[in-house]
Amino acid sequence: PKQGHALSLSVRYIRIRARVAPDKMGGGATKAAASPSTPTPIPLFRAVEEIPNATLDAFELGATLGVGAFGRVYFATHKEHRSHWALKQLKKDAVMKGEQHEHVKRERAILAMIAHPFVVTLAAAFQDVRHLYFVLEFVAGGEFDTHLKAQGFLFEGHVRFYCAQLVLIFEYLHSSSTGGIVFRDLKPPNLILGIDGYLKLADFGFAKIVGASHTHTFLGTPECVQPERRSRLPLRL
């Protein structure tokens, strides 16, 4: 009960701060990464502006931020605005061969309709002959998983701090305003730390809008799947 009350207070605190503090950092922030052990007490939020008529020629590609089964993510700089982004490049033939085209279409549609300070923002999506591209908000802190492995543990106060953010994320995703979205792949590598020490949820490849219905599809990373899914129970909100 004591821990539950403390988590409730953390959720209330972060909800209040998120409503009153506009983000002045933007997609182009390049400060040093924050550590999970030293979160900034007040988050700074703003919605990332969309990039109209985006094409690959509009960006300078830099270092590879991550590699997946269907492509990779690059650090990219918009040539005109000099703003920084994470450019997700997917190989069309790999997506089709892996029968992931519906997941990719669903990910793009969901990212385009949602907006939350703790969710990575989609600024644009486009394609060429061989690839699909998502222009995503660049989050400079790196994967939460990397920081967690380096530190080895989290203090109880930091656990409450991050759990409170997850509560707010899924409260929003499961709400009627989004149509009822189930994420289905929550794990440390899908959480990114902002330079302010707050989390961003990323990778909506397995997400689905279920609303008042349910889904039986078994998806996600096996070691991170919730117990009821291992029992093949339907997933509903």
# chains A, B, ... in the order shown; residues from 1 in each chain; ligands from 1
>>> closest_atom_pairs(of="segment 91-120 of chain A", to="segment 183-200 of chain A", cutoff="6 Å", atoms="only C-alpha atoms", output="Markdown table")
| residue | atom | partner | partner_atom | distance |
| --- | --- | --- | --- | --- |
| A:Phe118 | CA | A:Lys200 | CA | 4.4 |
| A:Val119 | CA | A:Lys200 | CA | 4.7 |
| A:Val120 | CA | A:Lys200 | CA | 5.6 |
>>> select_by_dssp(residues="segment 47-212 of chain A", states="strand (DSSP E or B)", output="PyMOL selection string")
chain A and resi 59-67+71-78+84-91+119+122-127+131-137+143+181-182+191-193+199-201+208-209
>>> closest_residue(among="A:Leu136, A:Ala164, A:Ala150, A:Leu111", to="Phe204 of chain A", atoms="only C-alpha atoms")
A:Leu111
>>> closest_atom_pairs(of="segment 87-146 of chain A", to="segment 71-77 of chain A", cutoff="12 Å", atoms="only C-alpha atoms", output="JSON lines")
{"residue": "A:Leu87", "atom": "CA", "partner": "A:Tyr74", "partner_atom": "CA", "distance": 5.0}
{"residue": "A:Lys88", "atom": "CA", "partner": "A:Val73", "partner_atom": "CA", "distance": 4.3}
{"residue": "A:Gln89", "atom": "CA", "partner": "A:Arg72", "partner_atom": "CA", "distance": 5.5}
{"residue": "A:Leu90", "atom": "CA", "partner": "A:Gly71", "partner_atom": "CA", "distance": 4.4}
{"residue": "A:Lys91", "atom": "CA", "partner": "A:Gly71", "partner_atom": "CA", "distance": 5.7}
{"residue": "A:Lys92", "atom": "CA", "partner": "A:Gly71", "partner_atom": "CA", "distance": 9.2}
{"residue": "A:Asp93", "atom": "CA", "partner": "A:Gly71", "partner_atom": "CA", "distance": 10.5}
{"residue": "A:Ala94", "atom": "CA", "partner": "A:Gly71", "partner_atom": "CA", "distance": 8.2}
{"residue": "A:Val95", "atom": "CA", "partner": "A:Gly71", "partner_atom": "CA", "distance": 9.0}
{"residue": "A:Arg130", "atom": "CA", "partner": "A:Gly71", "partner_atom": "CA", "distance": 11.2}
{"residue": "A:His131", "atom": "CA", "partner": "A:Gly71", "partner_atom": "CA", "distance": 8.9}
{"residue": "A:Leu132", "atom": "CA", "partner": "A:Gly71", "partner_atom": "CA", "distance": 9.4}
{"residue": "A:Tyr133", "atom": "CA", "partner": "A:Val73", "partner_atom": "CA", "distance": 9.4}
{"residue": "A:Phe134", "atom": "CA", "partner": "A:Val73", "partner_atom": "CA", "distance": 9.1}
{"residue": "A:Val135", "atom": "CA", "partner": "A:Ala76", "partner_atom": "CA", "distance": 8.8}
{"residue": "A:Leu136", "atom": "CA", "partner": "A:Val73", "partner_atom": "CA", "distance": 9.6}
{"residue": "A:Glu137", "atom": "CA", "partner": "A:Phe75", "partner_atom": "CA", "distance": 10.3}
{"residue": "A:Phe138", "atom": "CA", "partner": "A:Phe75", "partner_atom": "CA", "distance": 7.7}
{"residue": "A:Val139", "atom": "CA", "partner": "A:Phe75", "partner_atom": "CA", "distance": 10.2}
{"residue": "A:Ala140", "atom": "CA", "partner": "A:Phe75", "partner_atom": "CA", "distance": 10.1}
{"residue": "A:Gly142", "atom": "CA", "partner": "A:Phe75", "partner_atom": "CA", "distance": 11.9}
>>> closest_residue(among="A:Asp203, A:Asp57, A:Glu99, A:Glu143", to="Lys79 of chain A", atoms="only C-alpha atoms")
A:Asp57
